[in-house]
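Asker: Below you'll find the structure I mean.
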Amino acid sequence: MLQFLGKLPKHVFGSNIVITVYGKSGIGSPSYAVLCNRFYSAEAKPASTSEEFRKKQVRFNIKAEHVDGRPLYLDAQATTPLDPRVLDKMMPYMTNYYGNPHSRTHAYGWESEKAVEIAREQVARLIGAEPKEIIFTSGATECNNIAVKGVARFYASKKKHVITTQTEHKCVLDSCRALENEGFKVTYLPVKSNGIIDMKLLEDSITPETSLVSIMSVNNEIGVKQPVADIGTLCRSRKVFFHTDAAQAVGKIPIDVNSMNIDLMSISGHKVYGPKGVGALYVRRRPRVRLEPIQSGGGQERGLRSGTVPAPLVVGFGVACDLALKEMDYDKKWIDFLSKRLYDRITQALSHVIRNGDPEQTYSGCLNLSFAYVEGESLLMALKDVALSSGSACTSASLEPSYVLRAIGTDEDLAHSSIRFGIGRFTTIEEVDYTADKCIKHVERLREMSPLWEMVQEGIDLKNIQWSQH
């Protein structure tokens, strides 16, 4: 808060605030005169009678805003709505076909098992895998835990080194920290300013002790696509297993586990317009990937994930993957169009808007923008009739700036001013236009209240100002 108060002259608060600009401080400096001009000018009109002030008051008035119904949804990276066609296929298995798919002695079990196996084929087809390589789980978080911990522990007697990146999902980072507590060495690779890893750095980091490289396909906060095929080729040449968290990629961009040399891959059901509570782990069979299960029980799913497979959820997951395969090209064109429309509309009306992450190697449905001189949480509160996020849903309760944005070198003030727009299959043109217009209005309104924005308008370089209080 002090950095905002620092602009005001001494007599307003009676505190000893000193401004240092280009090495000069105090009231005698030219910059101080610029800052205080509007407070001491005899020509300045009172704000209450100013015509300009009244116009702004009308333009930025939010008292009359009243929202009926639910907010618009633009948070597709957190979750996607269930496709109605998916629900239609799930309903019979939630009512009449309720058998346990592992019951082998009667028709109820057989019909559920058949449905589960059809879904397994549908998931496998989407990523170019064999059905037997698909392990159903409760979601991508469990997949990441099984993959990272399972492979590392199984090969621990020979290799005790794991490589990942600083921008991975929390469940991968926390799994790696758990391994460190068990005596493993973990390398957290930095990423470049565009969010993409340095392949040379990855190559140099692989040692004879390395058992696993885990790097996500599409980042959940900034949408950056990693060079998965290049990473897979490198890992295969060095005889290191490659795991990728593809929760944000599967069904949205083409993925083939064989051409990309992927050994393990995590998939989430509710990110592809399927139900929540179900996911899948791809585990390669040739060359075989061995891993230690992290859950004990009846030995279902090739003994890698014990527990009854939830047939209704798995059926819905399979249908969602089947639809994603058939409609991927159409979805891509629609989402590309909406994303460009939203970005162009905002950036043409507002200055000092920064796109986080690489503008080319990105999934366009995830648009992360920083609005300089605006607090992100304030903007989110102002946009209460649009469901948006300032980062990952898993860490949105934290007031700390996004660790992903910090990893790509974003200044802390810009990291705090970031908003993630998530566009999906069911997003409409009207929703995008409404969101852009509301965003423009509230960014301008919040900037009008910001002393820092006023200083920038007056041509003062904030980076050369040192604020101090005595």
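Just remember, in the structure tokens the first chain shown is A, the second B, etc., residues are 1-based per chain, and ligands are 1-based in the order shown.
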Report the residues of stretch 306-367 of chain A whose backbone DSSP state falls under helix (DSSP H, G or I), written as a ChimeraX atom specification.
Answerer: /A:311-349
Asker: Give me a file of those residues, with N, CA and C atoms, as an mmCIF file, in the first residue's frame.
Answerer:
data_model
loop_
_atom_site.group_PDB
_atom_site.id
_atom_site.type_symbol
_atom_site.label_atom_id
_atom_site.label_comp_id
_atom_site.auth_asym_id
_atom_site.auth_seq_id
_atom_site.Cartn_x
_atom_site.Cartn_y
_atom_site.Cartn_z
ATOM 1 N N ALA A 311 -18.101 -47.556 -13.407
ATOM 2 C CA ALA A 311 -18.559 -47.756 -14.791
ATOM 3 C C ALA A 311 -19.254 -46.529 -15.395
ATOM 4 N N PRO A 312 -20.193 -45.857 -14.679
ATOM 5 C CA PRO A 312 -20.851 -44.698 -15.311
ATOM 6 C C PRO A 312 -19.866 -43.586 -15.690
ATOM 7 N N LEU A 313 -18.906 -43.307 -14.808
ATOM 8 C CA LEU A 313 -17.921 -42.255 -15.081
ATOM 9 C C LEU A 313 -17.015 -42.652 -16.238
ATOM 10 N N VAL A 314 -16.595 -43.903 -16.256
ATOM 11 C CA VAL A 314 -15.701 -44.382 -17.305
ATOM 12 C C VAL A 314 -16.413 -44.362 -18.660
ATOM 13 N N VAL A 315 -17.692 -44.748 -18.675
ATOM 14 C CA VAL A 315 -18.459 -44.709 -19.920
ATOM 15 C C VAL A 315 -18.527 -43.269 -20.443
ATOM 16 N N GLY A 316 -18.822 -42.330 -19.542
ATOM 17 C CA GLY A 316 -18.871 -40.929 -19.946
ATOM 18 C C GLY A 316 -17.528 -40.423 -20.439
ATOM 19 N N PHE A 317 -16.459 -40.827 -19.774
ATOM 20 C CA PHE A 317 -15.102 -40.443 -20.163
ATOM 21 C C PHE A 317 -14.796 -40.949 -21.567
ATOM 22 N N GLY A 318 -15.167 -42.204 -21.840
ATOM 23 C CA GLY A 318 -14.928 -42.787 -23.161
ATOM 24 C C GLY A 318 -15.666 -42.046 -24.260
ATOM 25 N N VAL A 319 -16.937 -41.731 -24.012
ATOM 26 C CA VAL A 319 -17.729 -41.001 -25.003
ATOM 27 C C VAL A 319 -17.140 -39.609 -25.232
ATOM 28 N N ALA A 320 -16.713 -38.943 -24.155
ATOM 29 C CA ALA A 320 -16.107 -37.615 -24.276
ATOM 30 C C ALA A 320 -14.852 -37.669 -25.151
ATOM 31 N N CYS A 321 -14.042 -38.708 -24.976
ATOM 32 C CA CYS A 321 -12.829 -38.864 -25.800
ATOM 33 C C CYS A 321 -13.184 -39.146 -27.250
ATOM 34 N N ASP A 322 -14.233 -39.933 -27.463
ATOM 35 C CA ASP A 322 -14.676 -40.241 -28.820
ATOM 36 C C ASP A 322 -15.155 -38.982 -29.530
ATOM 37 N N LEU A 323 -15.915 -38.147 -28.809
ATOM 38 C CA LEU A 323 -16.387 -36.888 -29.384
ATOM 39 C C LEU A 323 -15.223 -35.928 -29.654
ATOM 40 N N ALA A 324 -14.257 -35.899 -28.736
ATOM 41 C CA ALA A 324 -13.090 -35.026 -28.908
ATOM 42 C C ALA A 324 -12.307 -35.401 -30.157
ATOM 43 N N LEU A 325 -12.181 -36.711 -30.417
ATOM 44 C CA LEU A 325 -11.459 -37.175 -31.597
ATOM 45 C C LEU A 325 -12.171 -36.735 -32.875
ATOM 46 N N LYS A 326 -13.511 -36.852 -32.878
ATOM 47 C CA LYS A 326 -14.283 -36.525 -34.075
ATOM 48 C C LYS A 326 -14.376 -35.014 -34.311
ATOM 49 N N GLU A 327 -14.396 -34.230 -33.231
ATOM 50 C CA GLU A 327 -14.677 -32.798 -33.361
ATOM 51 C C GLU A 327 -13.464 -31.907 -33.062
ATOM 52 N N MET A 328 -12.281 -32.495 -32.968
ATOM 53 C CA MET A 328 -11.101 -31.727 -32.581
ATOM 54 C C MET A 328 -10.805 -30.585 -33.552
ATOM 55 N N ASP A 329 -10.880 -30.870 -34.844
ATOM 56 C CA ASP A 329 -10.577 -29.826 -35.835
ATOM 57 C C ASP A 329 -11.589 -28.689 -35.753
ATOM 58 N N TYR A 330 -12.869 -29.045 -35.636
ATOM 59 C CA TYR A 330 -13.914 -28.022 -35.540
ATOM 60 C C TYR A 330 -13.740 -27.186 -34.277
ATOM 61 N N ASP A 331 -13.504 -27.877 -33.148
ATOM 62 C CA ASP A 331 -13.307 -27.164 -31.883
ATOM 63 C C ASP A 331 -12.127 -26.211 -31.963
ATOM 64 N N LYS A 332 -11.038 -26.677 -32.585
ATOM 65 C CA LYS A 332 -9.831 -25.837 -32.690
ATOM 66 C C LYS A 332 -10.117 -24.554 -33.469
ATOM 67 N N LYS A 333 -10.801 -24.679 -34.604
ATOM 68 C CA LYS A 333 -11.099 -23.498 -35.422
ATOM 69 C C LYS A 333 -11.983 -22.518 -34.650
ATOM 70 N N TRP A 334 -12.963 -23.043 -33.935
ATOM 71 C CA TRP A 334 -13.884 -22.186 -33.185
ATOM 72 C C TRP A 334 -13.167 -21.480 -32.037
ATOM 73 N N ILE A 335 -12.367 -22.227 -31.296
ATOM 74 C CA ILE A 335 -11.664 -21.656 -30.140
ATOM 75 C C ILE A 335 -10.580 -20.676 -30.596
ATOM 76 N N ASP A 336 -9.880 -20.985 -31.687
ATOM 77 C CA ASP A 336 -8.895 -20.042 -32.247
ATOM 78 C C ASP A 336 -9.560 -18.715 -32.616
ATOM 79 N N PHE A 337 -10.724 -18.813 -33.236
ATOM 80 C CA PHE A 337 -11.458 -17.625 -33.663
ATOM 81 C C PHE A 337 -11.873 -16.773 -32.461
ATOM 82 N N LEU A 338 -12.433 -17.424 -31.435
ATOM 83 C CA LEU A 338 -12.892 -16.691 -30.254
ATOM 84 C C LEU A 338 -11.725 -16.095 -29.471
ATOM 85 N N SER A 339 -10.635 -16.837 -29.364
ATOM 86 C CA SER A 339 -9.474 -16.362 -28.622
ATOM 87 C C SER A 339 -8.872 -15.117 -29.275
ATOM 88 N N LYS A 340 -8.742 -15.170 -30.603
ATOM 89 C CA LYS A 340 -8.203 -14.011 -31.333
ATOM 90 C C LYS A 340 -9.142 -12.809 -31.195
ATOM 91 N N ARG A 341 -10.431 -13.066 -31.261
ATOM 92 C CA ARG A 341 -11.422 -11.991 -31.137
ATOM 93 C C ARG A 341 -11.319 -11.314 -29.764
ATOM 94 N N LEU A 342 -11.199 -12.128 -28.717
ATOM 95 C CA LEU A 342 -11.095 -11.591 -27.362
ATOM 96 C C LEU A 342 -9.808 -10.795 -27.181
ATOM 97 N N TYR A 343 -8.692 -11.373 -27.629
ATOM 98 C CA TYR A 343 -7.383 -10.710 -27.476
ATOM 99 C C TYR A 343 -7.333 -9.398 -28.259
ATOM 100 N N ASP A 344 -7.798 -9.425 -29.511
ATOM 101 C CA ASP A 344 -7.755 -8.218 -30.346
ATOM 102 C C ASP A 344 -8.647 -7.122 -29.770
ATOM 103 N N ARG A 345 -9.817 -7.511 -29.297
ATOM 104 C CA ARG A 345 -10.768 -6.520 -28.782
ATOM 105 C C ARG A 345 -10.207 -5.819 -27.543
ATOM 106 N N ILE A 346 -9.566 -6.577 -26.676
ATOM 107 C CA ILE A 346 -8.994 -6.004 -25.453
ATOM 108 C C ILE A 346 -7.770 -5.145 -25.756
ATOM 109 N N THR A 347 -6.852 -5.680 -26.563
ATOM 110 C CA THR A 347 -5.588 -4.974 -26.803
ATOM 111 C C THR A 347 -5.760 -3.743 -27.689
ATOM 112 N N GLN A 348 -6.805 -3.710 -28.515
ATOM 113 C CA GLN A 348 -7.047 -2.517 -29.331
ATOM 114 C C GLN A 348 -7.607 -1.368 -28.498
ATOM 115 N N ALA A 349 -8.266 -1.710 -27.390
ATOM 116 C CA ALA A 349 -8.879 -0.676 -26.547
ATOM 117 C C ALA A 349 -7.989 -0.276 -25.373
#
Asker: Skip A:Gly99 itself and residues of its chain fewer than 5 positions away, then list as a ChimeraX atom specification all residues within 9 Å of it, counting only C-alpha atoms.
Answerer: /A:93,106-113,311
Asker: Taking C-alpha atoms for each residue, export the selection above as a PDB file, in the first residue's frame.
Answerer:
ATOM      1  CA  TYR A  93     -25.229 -47.068 -16.171  1.00  0.00           C
ATOM      2  CA  HIS A 106     -23.554 -62.808 -13.680  1.00  0.00           C
ATOM      3  CA  ALA A 107     -24.920 -60.600 -16.474  1.00  0.00           C
ATOM      4  CA  TYR A 108     -24.893 -57.394 -14.409  1.00  0.00           C
ATOM      5  CA  GLY A 109     -21.117 -57.574 -14.139  1.00  0.00           C
ATOM      6  CA  TRP A 110     -20.624 -58.653 -17.745  1.00  0.00           C
ATOM      7  CA  GLU A 111     -22.594 -55.761 -19.244  1.00  0.00           C
ATOM      8  CA  SER A 112     -20.734 -53.198 -17.095  1.00  0.00           C
ATOM      9  CA  GLU A 113     -17.396 -54.780 -17.957  1.00  0.00           C
ATOM     10  CA  ALA A 311     -18.559 -47.756 -14.791  1.00  0.00           C
TER      11      ALA A 311
END
Asker: Write out as a VMD selection string each polymer residue whose atoms come within 10 Å of A:Leu82, counting only C-alpha atoms; drop sequence neighbours fewer than 6 positions from it.
Answerer: chain A and resid 269 to 276 316 320
Asker: Just the selected residues (all heavy atoms), exported as a PDB file, in the first residue's frame, please.
Answerer:
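Heads up, here's the output in result.pdb:
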ATOM      1  N   GLY A 269     -10.775 -36.589 -17.113  1.00  0.00           N
ATOM      2  CA  GLY A 269     -12.076 -36.660 -17.758  1.00  0.00           C
ATOM      3  C   GLY A 269     -12.781 -35.323 -17.862  1.00  0.00           C
ATOM      4  O   GLY A 269     -13.349 -34.980 -18.905  1.00  0.00           O
ATOM      5  N   HIS A 270     -12.725 -34.524 -16.783  1.00  0.00           N
ATOM      6  CA  HIS A 270     -13.515 -33.296 -16.774  1.00  0.00           C
ATOM      7  C   HIS A 270     -12.870 -32.147 -17.527  1.00  0.00           C
ATOM      8  O   HIS A 270     -13.434 -31.054 -17.597  1.00  0.00           O
ATOM      9  CB  HIS A 270     -13.849 -32.877 -15.335  1.00  0.00           C
ATOM     10  CG  HIS A 270     -12.697 -32.354 -14.543  1.00  0.00           C
ATOM     11  ND1 HIS A 270     -12.513 -31.014 -14.296  1.00  0.00           N
ATOM     12  CD2 HIS A 270     -11.671 -32.994 -13.934  1.00  0.00           C
ATOM     13  CE1 HIS A 270     -11.425 -30.853 -13.555  1.00  0.00           C
ATOM     14  NE2 HIS A 270     -10.891 -32.034 -13.331  1.00  0.00           N
ATOM     15  N   LYS A 271     -11.695 -32.371 -18.129  1.00  0.00           N
ATOM     16  CA  LYS A 271     -11.086 -31.353 -18.989  1.00  0.00           C
ATOM     17  C   LYS A 271     -11.474 -31.547 -20.461  1.00  0.00           C
ATOM     18  O   LYS A 271     -11.136 -30.721 -21.298  1.00  0.00           O
ATOM     19  CB  LYS A 271      -9.557 -31.394 -18.857  1.00  0.00           C
ATOM     20  CG  LYS A 271      -9.016 -31.122 -17.448  1.00  0.00           C
ATOM     21  CD  LYS A 271      -9.299 -29.719 -16.975  1.00  0.00           C
ATOM     22  CE  LYS A 271      -8.385 -29.287 -15.827  1.00  0.00           C
ATOM     23  NZ  LYS A 271      -8.599 -30.017 -14.586  1.00  0.00           N
ATOM     24  N   VAL A 272     -12.161 -32.657 -20.762  1.00  0.00           N
ATOM     25  CA  VAL A 272     -12.569 -32.936 -22.149  1.00  0.00           C
ATOM     26  C   VAL A 272     -14.087 -33.070 -22.237  1.00  0.00           C
ATOM     27  O   VAL A 272     -14.599 -33.857 -23.021  1.00  0.00           O
ATOM     28  CB  VAL A 272     -11.871 -34.203 -22.709  1.00  0.00           C
ATOM     29  CG1 VAL A 272     -10.410 -33.953 -22.945  1.00  0.00           C
ATOM     30  CG2 VAL A 272     -12.075 -35.402 -21.796  1.00  0.00           C
ATOM     31  N   TYR A 273     -14.803 -32.311 -21.397  1.00  0.00           N
ATOM     32  CA  TYR A 273     -16.266 -32.285 -21.398  1.00  0.00           C
ATOM     33  C   TYR A 273     -16.862 -33.613 -20.941  1.00  0.00           C
ATOM     34  O   TYR A 273     -17.979 -33.971 -21.323  1.00  0.00           O
ATOM     35  CB  TYR A 273     -16.806 -31.880 -22.789  1.00  0.00           C
ATOM     36  CG  TYR A 273     -16.131 -30.637 -23.311  1.00  0.00           C
ATOM     37  CD1 TYR A 273     -15.012 -30.710 -24.149  1.00  0.00           C
ATOM     38  CD2 TYR A 273     -16.572 -29.377 -22.918  1.00  0.00           C
ATOM     39  CE1 TYR A 273     -14.372 -29.571 -24.600  1.00  0.00           C
ATOM     40  CE2 TYR A 273     -15.936 -28.222 -23.362  1.00  0.00           C
ATOM     41  CZ  TYR A 273     -14.839 -28.328 -24.198  1.00  0.00           C
ATOM     42  OH  TYR A 273     -14.202 -27.194 -24.636  1.00  0.00           O
ATOM     43  N   GLY A 274     -16.097 -34.316 -20.108  1.00  0.00           N
ATOM     44  CA  GLY A 274     -16.569 -35.549 -19.497  1.00  0.00           C
ATOM     45  C   GLY A 274     -16.864 -35.329 -18.023  1.00  0.00           C
ATOM     46  O   GLY A 274     -16.795 -34.201 -17.521  1.00  0.00           O
ATOM     47  N   PRO A 275     -17.165 -36.401 -17.292  1.00  0.00           N
ATOM     48  CA  PRO A 275     -17.504 -36.264 -15.867  1.00  0.00           C
ATOM     49  C   PRO A 275     -16.273 -36.055 -14.993  1.00  0.00           C
ATOM     50  O   PRO A 275     -15.156 -36.420 -15.372  1.00  0.00           O
ATOM     51  CB  PRO A 275     -18.178 -37.602 -15.545  1.00  0.00           C
ATOM     52  CG  PRO A 275     -17.572 -38.566 -16.523  1.00  0.00           C
ATOM     53  CD  PRO A 275     -17.305 -37.785 -17.772  1.00  0.00           C
ATOM     54  N   LYS A 276     -16.494 -35.469 -13.833  1.00  0.00           N
ATOM     55  CA  LYS A 276     -15.429 -35.322 -12.839  1.00  0.00           C
ATOM     56  C   LYS A 276     -15.264 -36.629 -12.082  1.00  0.00           C
ATOM     57  O   LYS A 276     -16.184 -37.421 -11.975  1.00  0.00           O
ATOM     58  CB  LYS A 276     -15.761 -34.186 -11.865  1.00  0.00           C
ATOM     59  CG  LYS A 276     -15.823 -32.819 -12.546  1.00  0.00           C
ATOM     60  CD  LYS A 276     -16.407 -31.775 -11.633  1.00  0.00           C
ATOM     61  CE  LYS A 276     -16.508 -30.438 -12.349  1.00  0.00           C
ATOM     62  NZ  LYS A 276     -17.406 -30.490 -13.528  1.00  0.00           N
ATOM     63  N   GLY A 316     -18.822 -42.330 -19.542  1.00  0.00           N
ATOM     64  CA  GLY A 316     -18.871 -40.929 -19.946  1.00  0.00           C
ATOM     65  C   GLY A 316     -17.528 -40.423 -20.439  1.00  0.00           C
ATOM     66  O   GLY A 316     -17.453 -39.669 -21.432  1.00  0.00           O
ATOM     67  N   ALA A 320     -16.713 -38.943 -24.155  1.00  0.00           N
ATOM     68  CA  ALA A 320     -16.107 -37.615 -24.276  1.00  0.00           C
ATOM     69  C   ALA A 320     -14.852 -37.669 -25.151  1.00  0.00           C
ATOM     70  O   ALA A 320     -14.625 -36.775 -25.980  1.00  0.00           O
ATOM     71  CB  ALA A 320     -15.769 -37.060 -22.895  1.00  0.00           C
TER      72      ALA A 320
END
Asker: When distances are computed from only C-alpha atoms, which of A:Lys384, A:Arg420, A:Arg284, A:Arg447 shows the smallest separation from A:Gln77?
Answerer: A:Arg420
